[in-house]
$ cat protein-v5.cif   # mmCIF, C-alpha atoms and all ligand atoms
data_upload
#
loop_
_atom_site.label_atom_id
_atom_site.label_comp_id
_atom_site.auth_asym_id
_atom_site.auth_seq_id
_atom_site.Cartn_x
_atom_site.Cartn_y
_atom_site.Cartn_z
CA MET A 1 0.00 0.00 0.00
CA SER A 2 1.66 3.18 -1.08
CA ASN A 3 1.96 6.07 1.35
CA VAL A 4 1.18 3.77 4.30
CA HIS A 5 4.07 3.23 6.72
CA LEU A 6 3.56 0.16 8.88
CA ILE A 7 5.73 0.47 11.97
CA ASP A 8 6.45 -3.17 12.70
CA HIS A 9 9.28 -2.75 15.20
CA PRO A 10 9.08 -5.56 17.80
CA LEU A 11 8.75 -3.11 20.69
CA VAL A 12 5.82 -1.40 18.98
CA GLN A 13 4.08 -4.70 18.20
CA HIS A 14 4.65 -6.03 21.73
CA LYS A 15 3.13 -2.98 23.39
CA LEU A 16 0.22 -2.88 20.96
CA THR A 17 -0.65 -6.51 21.74
CA LEU A 18 -0.69 -5.75 25.47
CA MET A 19 -2.95 -2.75 24.87
CA ARG A 20 -5.46 -4.75 22.85
CA ARG A 21 -6.20 -7.11 25.75
CA LYS A 22 -9.60 -6.34 27.22
CA ASP A 23 -8.30 -6.80 30.76
CA ALA A 24 -5.55 -4.16 30.39
CA SER A 25 -6.23 -1.56 33.10
CA THR A 26 -6.72 2.12 32.27
CA ASN A 27 -3.39 2.79 33.90
CA SER A 28 -1.46 0.26 31.85
CA PHE A 29 -3.33 1.13 28.63
CA ARG A 30 -2.37 4.78 29.04
CA ARG A 31 1.24 3.98 29.92
CA LEU A 32 1.61 1.65 26.94
CA LEU A 33 0.06 4.23 24.61
CA ASN A 34 2.51 6.80 25.88
CA GLU A 35 5.45 4.47 25.24
CA LEU A 36 4.11 3.49 21.84
CA ALA A 37 3.66 7.11 20.82
CA LEU A 38 7.26 7.82 21.75
CA LEU A 39 8.47 4.92 19.61
CA MET A 40 6.28 5.94 16.69
CA ALA A 41 7.61 9.49 16.92
CA TYR A 42 11.03 8.17 15.89
CA GLU A 43 9.60 6.85 12.64
CA VAL A 44 7.38 9.76 11.78
CA THR A 45 10.10 12.37 12.39
CA ARG A 46 12.76 10.42 10.50
CA ASP A 47 12.81 12.84 7.56
CA MET A 48 12.43 16.07 9.51
CA PRO A 49 14.49 18.92 8.08
CA MET A 50 17.78 19.55 9.88
CA GLN A 51 20.04 22.51 10.07
CA THR A 52 23.79 22.66 10.67
CA ILE A 53 25.02 24.72 13.61
CA GLU A 54 28.46 25.42 14.98
CA ILE A 55 29.16 24.21 18.52
CA GLU A 56 32.11 24.07 20.93
CA THR A 57 33.01 20.69 22.36
CA PRO A 58 35.41 20.74 25.33
CA LEU A 59 38.19 20.19 22.75
CA GLU A 60 37.38 22.17 19.62
CA THR A 61 34.84 23.86 17.41
CA THR A 62 32.74 21.59 15.23
CA THR A 63 29.43 21.50 13.47
CA GLY A 64 26.38 19.39 14.25
CA GLN A 65 22.86 18.81 12.98
CA VAL A 66 19.80 19.93 14.91
CA ILE A 67 16.10 19.98 14.24
CA ASP A 68 13.94 23.03 14.76
CA GLY A 69 11.27 21.44 16.94
CA LYS A 70 9.26 24.67 17.02
CA LYS A 71 8.49 24.21 13.32
CA LEU A 72 6.64 21.00 14.11
CA VAL A 73 2.99 20.93 15.19
CA PHE A 74 1.31 17.90 16.67
CA VAL A 75 -2.40 18.18 15.96
CA SER A 76 -4.52 16.08 18.26
CA ILE A 77 -7.98 15.00 17.18
CA LEU A 78 -9.89 15.26 20.46
CA ARG A 79 -10.22 13.49 22.62
CA ALA A 80 -8.37 10.24 21.97
CA GLY A 81 -5.55 12.00 20.10
CA ASN A 82 -4.46 13.50 23.41
CA GLY A 83 -3.40 10.03 24.51
CA ILE A 84 -0.64 10.15 21.89
CA LEU A 85 0.53 13.70 22.54
CA GLU A 86 2.58 13.17 25.69
CA GLY A 87 4.78 10.47 24.17
CA MET A 88 5.36 12.52 21.03
CA LEU A 89 6.18 15.64 23.05
CA SER A 90 8.70 13.76 25.17
CA VAL A 91 10.76 13.26 21.99
CA VAL A 92 10.16 16.73 20.48
CA PRO A 93 9.49 18.93 23.54
CA GLY A 94 9.65 22.18 21.56
CA ALA A 95 6.84 21.19 19.20
CA ARG A 96 3.67 23.24 19.10
CA VAL A 97 0.28 21.62 19.64
CA GLY A 98 -3.02 22.17 17.86
CA HIS A 99 -6.39 20.66 18.72
CA ILE A 100 -9.33 19.71 16.56
CA GLY A 101 -12.53 18.73 18.30
CA LEU A 102 -14.60 16.30 16.27
CA TYR A 103 -17.19 13.84 17.39
CA ARG A 104 -18.73 11.00 15.45
CA ASP A 105 -22.43 11.33 14.89
CA PRO A 106 -23.51 7.90 16.17
CA LYS A 107 -26.14 7.48 13.46
CA THR A 108 -24.34 8.70 10.34
CA LEU A 109 -20.77 8.13 11.66
CA THR A 110 -19.84 11.47 10.04
CA ALA A 111 -17.50 13.90 11.81
CA VAL A 112 -18.92 17.05 13.39
CA GLU A 113 -16.44 19.83 14.34
CA TYR A 114 -16.81 21.61 17.70
CA TYR A 115 -13.29 23.00 18.29
CA PHE A 116 -10.34 24.16 16.17
CA LYS A 117 -7.28 25.88 17.62
CA MET A 118 -3.89 26.02 15.87
CA PRO A 119 -0.61 27.82 16.50
CA THR A 120 0.14 30.92 14.40
CA ALA A 121 2.10 30.91 11.12
CA MET A 122 0.95 27.44 10.13
CA HIS A 123 2.27 27.91 6.58
CA GLU A 124 5.81 27.62 8.04
CA ARG A 125 5.11 24.44 9.98
CA ASP A 126 5.07 20.69 9.39
CA VAL A 127 2.01 19.04 10.89
CA ILE A 128 1.66 15.56 12.38
CA VAL A 129 -2.00 14.73 13.02
CA VAL A 130 -2.53 12.15 15.76
CA ASP A 131 -5.54 9.95 16.48
CA PRO A 132 -5.24 6.38 17.79
CA MET A 133 -7.83 4.90 15.41
CA LEU A 134 -8.23 5.42 11.65
CA ALA A 135 -11.55 3.59 11.37
CA THR A 136 -14.16 4.98 8.93
CA GLY A 137 -11.67 7.74 8.15
CA ASN A 138 -14.35 10.42 8.57
CA SER A 139 -12.67 12.29 11.45
CA ALA A 140 -9.22 12.07 9.91
CA ILE A 141 -10.51 13.29 6.54
CA ALA A 142 -12.42 16.18 8.15
CA ALA A 143 -9.37 17.15 10.23
CA VAL A 144 -7.06 17.18 7.21
CA ASP A 145 -9.68 19.05 5.13
CA ARG A 146 -9.66 21.81 7.77
CA LEU A 147 -5.89 21.87 8.06
CA LYS A 148 -5.46 22.18 4.31
CA GLU A 149 -7.61 25.34 4.43
CA ILE A 150 -4.82 27.00 6.44
CA GLY A 151 -2.04 25.48 4.35
CA PRO A 152 0.74 24.05 6.54
CA LYS A 153 4.05 23.09 4.87
CA SER A 154 3.29 19.39 5.14
CA ILE A 155 0.86 16.98 6.81
CA LYS A 156 1.35 13.42 8.08
CA PHE A 157 -1.20 11.27 9.86
CA VAL A 158 -0.30 8.94 12.74
CA CYS A 159 -2.57 6.29 14.25
CA LEU A 160 -2.08 3.13 16.25
CA LEU A 161 -4.55 1.04 14.32
CA THR A 162 -6.32 1.20 11.04
CA CYS A 163 -8.17 -1.11 8.64
CA PRO A 164 -8.53 -1.43 4.85
CA GLU A 165 -11.75 0.64 4.82
CA GLY A 166 -10.15 3.52 6.74
CA ILE A 167 -7.08 3.56 4.55
CA ALA A 168 -9.13 3.49 1.35
CA ALA A 169 -11.39 6.36 2.45
CA PHE A 170 -8.52 8.48 3.72
CA GLN A 171 -6.36 7.93 0.66
CA LYS A 172 -9.25 8.72 -1.67
CA ALA A 173 -9.65 12.10 0.04
CA HIS A 174 -5.98 12.81 0.78
CA PRO A 175 -3.64 10.69 -1.34
CA ASP A 176 -0.80 13.14 -0.61
CA VAL A 177 -0.89 12.59 3.18
CA PRO A 178 1.19 9.65 4.42
CA ILE A 179 -0.31 7.36 7.07
CA TYR A 180 1.89 5.96 9.85
CA THR A 181 0.35 3.06 11.75
CA ALA A 182 1.36 0.18 14.02
CA ALA A 183 -1.22 -2.23 12.53
CA ILE A 184 -3.72 -2.71 9.72
CA ASP A 185 -6.54 -4.78 11.21
CA ARG A 186 -9.04 -6.96 9.40
CA GLN A 187 -12.18 -4.82 9.00
CA LEU A 188 -14.72 -2.37 10.36
CA ASN A 189 -17.87 -3.61 12.02
CA GLU A 190 -21.33 -2.11 11.37
CA HIS A 191 -20.81 0.39 14.23
CA GLY A 192 -17.58 1.72 12.77
CA TYR A 193 -15.29 -0.14 15.18
CA ILE A 194 -12.11 -1.81 14.04
CA LEU A 195 -11.89 -5.62 14.32
CA PRO A 196 -10.11 -7.12 16.15
CA GLY A 197 -9.10 -3.62 17.31
CA LEU A 198 -8.82 -2.52 20.90
CA GLY A 199 -12.29 -1.14 21.59
CA ASP A 200 -13.05 2.54 22.12
CA ALA A 201 -9.66 4.21 22.40
CA GLY A 202 -11.00 7.32 24.19
CA ASP A 203 -12.84 5.28 26.79
CA ARG A 204 -9.82 3.08 27.39
CA ILE A 205 -7.43 6.04 27.75
CA PHE A 206 -9.65 8.05 30.04
CA GLY A 207 -11.40 5.20 31.87
CA THR A 208 -14.85 6.42 30.90
CA GLN A 209 -16.56 3.11 30.41
N1 LIG B 301 -12.71 4.59 17.39
C1 LIG B 301 -12.32 3.81 18.41
O1 LIG B 301 -12.03 4.30 19.49
N2 LIG B 301 -12.25 2.47 18.20
C2 LIG B 301 -12.54 1.90 17.02
O2 LIG B 301 -12.43 0.68 16.88
C3 LIG B 301 -12.94 2.74 15.96
C4 LIG B 301 -13.04 4.08 16.18
#
$ encode --input "protein-v5.cif" --output "structure tokens"
Amino acid sequence: MSNVHLIDHPLVQHKLTLMRRKDASTNSFRRLLNELALLMAYEVTRDMPMQTIEIETPLETTTGQVIDGKKLVFVSILRAGNGILEGMLSVVPGARVGHIGLYRDPKTLTAVEYYFKMPTAMHERDVIVVDPMLATGNSAIAAVDRLKEIGPKSIKFVCLLTCPEGIAAFQKAHPDVPIYTAAIDRQLNEHGYILPGLGDAGDRIFGTQ
């Protein structure tokens, strides 16, 4: 599948399997998600632009490569996206954060926006949109639609889990936006949940069920 990056590192797969278990506590689910997000951040930031700066070591002057973390924006699709933010920010602490509030209409499964707040000067920034589940694709598509209206330099999408239906819908709408995921599951069920999946990511992160 082009433009889909499957992050199959053993540490990622191990933690994902532990998270899927229905008896994983809220505490351990959240901790594992945090660790997973940190590991996924390595992959998704792999091609971040670097600049060369001059530094002094204790012995001499040399040059080194650094990233400008402030140019990066993590955009969380509320509320489950927030579960990924902490891990990502622990790797790029200078990154900015935007939020998009979308909820799924339970009948139509379409995304309805209730909040949108981004940093300034988005046209200078690279955006990484985070949401644990790319299921129907409706929220992800709506979020990227909105972001494209304000024209950031680039957009990537990161999720923990997706499925063929979610990928197809997202790529139809946004073929230019790469998807980074830890797994491509079998299918969606009639309620828009991923199978085998891990249940409702928001409820599992925040202990609301
Ligand atoms: N959102 C979730 O939290 N879980 C799914 O399986 C699909 C969408």
$ residues_near_ligand --input "protein-v5.cif" --ligand "ligand LIG 301 (chain B)" --cutoff "8 Å" --atoms "all atoms listed in the file" --output "mmCIF file with C-alpha atoms, in the coordinates of the input"
data_model
loop_
_atom_site.group_PDB
_atom_site.id
_atom_site.type_symbol
_atom_site.label_atom_id
_atom_site.label_comp_id
_atom_site.auth_asym_id
_atom_site.auth_seq_id
_atom_site.Cartn_x
_atom_site.Cartn_y
_atom_site.Cartn_z
ATOM 1 C CA ALA A 80 -8.370 10.240 21.970
ATOM 2 C CA PRO A 132 -5.240 6.380 17.790
ATOM 3 C CA MET A 133 -7.830 4.900 15.410
ATOM 4 C CA LEU A 134 -8.230 5.420 11.650
ATOM 5 C CA ALA A 135 -11.550 3.590 11.370
ATOM 6 C CA THR A 136 -14.160 4.980 8.930
ATOM 7 C CA LEU A 188 -14.720 -2.370 10.360
ATOM 8 C CA GLY A 192 -17.580 1.720 12.770
ATOM 9 C CA TYR A 193 -15.290 -0.140 15.180
ATOM 10 C CA ILE A 194 -12.110 -1.810 14.040
ATOM 11 C CA LEU A 195 -11.890 -5.620 14.320
ATOM 12 C CA GLY A 197 -9.100 -3.620 17.310
ATOM 13 C CA LEU A 198 -8.820 -2.520 20.900
ATOM 14 C CA GLY A 199 -12.290 -1.140 21.590
ATOM 15 C CA ASP A 200 -13.050 2.540 22.120
ATOM 16 C CA ALA A 201 -9.660 4.210 22.400
ATOM 17 C CA GLY A 202 -11.000 7.320 24.190
ATOM 18 C CA ASP A 203 -12.840 5.280 26.790
#
$ residues_around --input "protein-v5.cif" --residues "Gly83 in chain A" --least-positions-apart "3" --cutoff "9 Å" --atoms "only C-alpha atoms" --output "list of chain:residue names"
A:Arg30, A:Leu33, A:Asn34, A:Ala37, A:Ser76, A:Arg79, A:Ala80, A:Glu86, A:Gly87, A:Asp131, A:Pro132, A:Ala201, A:Gly202, A:Ile205, A:Phe206
$ axis_aligned_box --input "protein-v5.cif" --around "range 41-50 of chain A" --padding-each-side "8 Å" --output "lines of an AutoDock Vina configuration file"
center_x = 12.6
center_y = 13.2
center_z = 12.2
size_x = 26.4
size_y = 28.7
size_z = 25.4
$ closest_residue --input "protein-v5.cif" --among "A:Val158, A:Lys117, A:Thr63, A:Arg21" --to "Leu39 in chain A" --atoms "all atoms listed in the file"
A:Val158
$ closest_residue --input "protein-v5.cif" --among "A:Thr52, A:Thr45, A:Thr110, A:Gln209" --to "Val73 in chain A" --atoms "only C-alpha atoms"
A:Thr45
$ atom_distance --input "protein-v5.cif" --atom1 "CA of Pro178 in chain A" --atom2 "CA of Phe157 in chain A"
6.2 Å
$ closest_residue --input "protein-v5.cif" --among "A:Phe170, A:Tyr42, A:Phe116, A:Phe74" --to "Arg96 in chain A" --atoms "all atoms listed in the file"
A:Phe74
$ atom_distance --input "protein-v5.cif" --atom1 "CA of Ala111 in chain A" --atom2 "CA of Ala142 in chain A"
6.7 Å
$ atom_distance --input "protein-v5.cif" --atom1 "CA of Ser139 in chain A" --atom2 "CA of Leu6 in chain A"
20.4 Å
$ closest_residue --input "protein-v5.cif" --among "A:Glu54, A:Gly69, A:Met48, A:Leu16" --to "Ser28 in chain A" --atoms "all atoms listed in the file"
A:Leu16
$ closest_residue --input "protein-v5.cif" --among "A:Val44, A:Met1, A:Leu36, A:Ile167" --to "Leu18 in chain A" --atoms "only C-alpha atoms"
A:Leu36
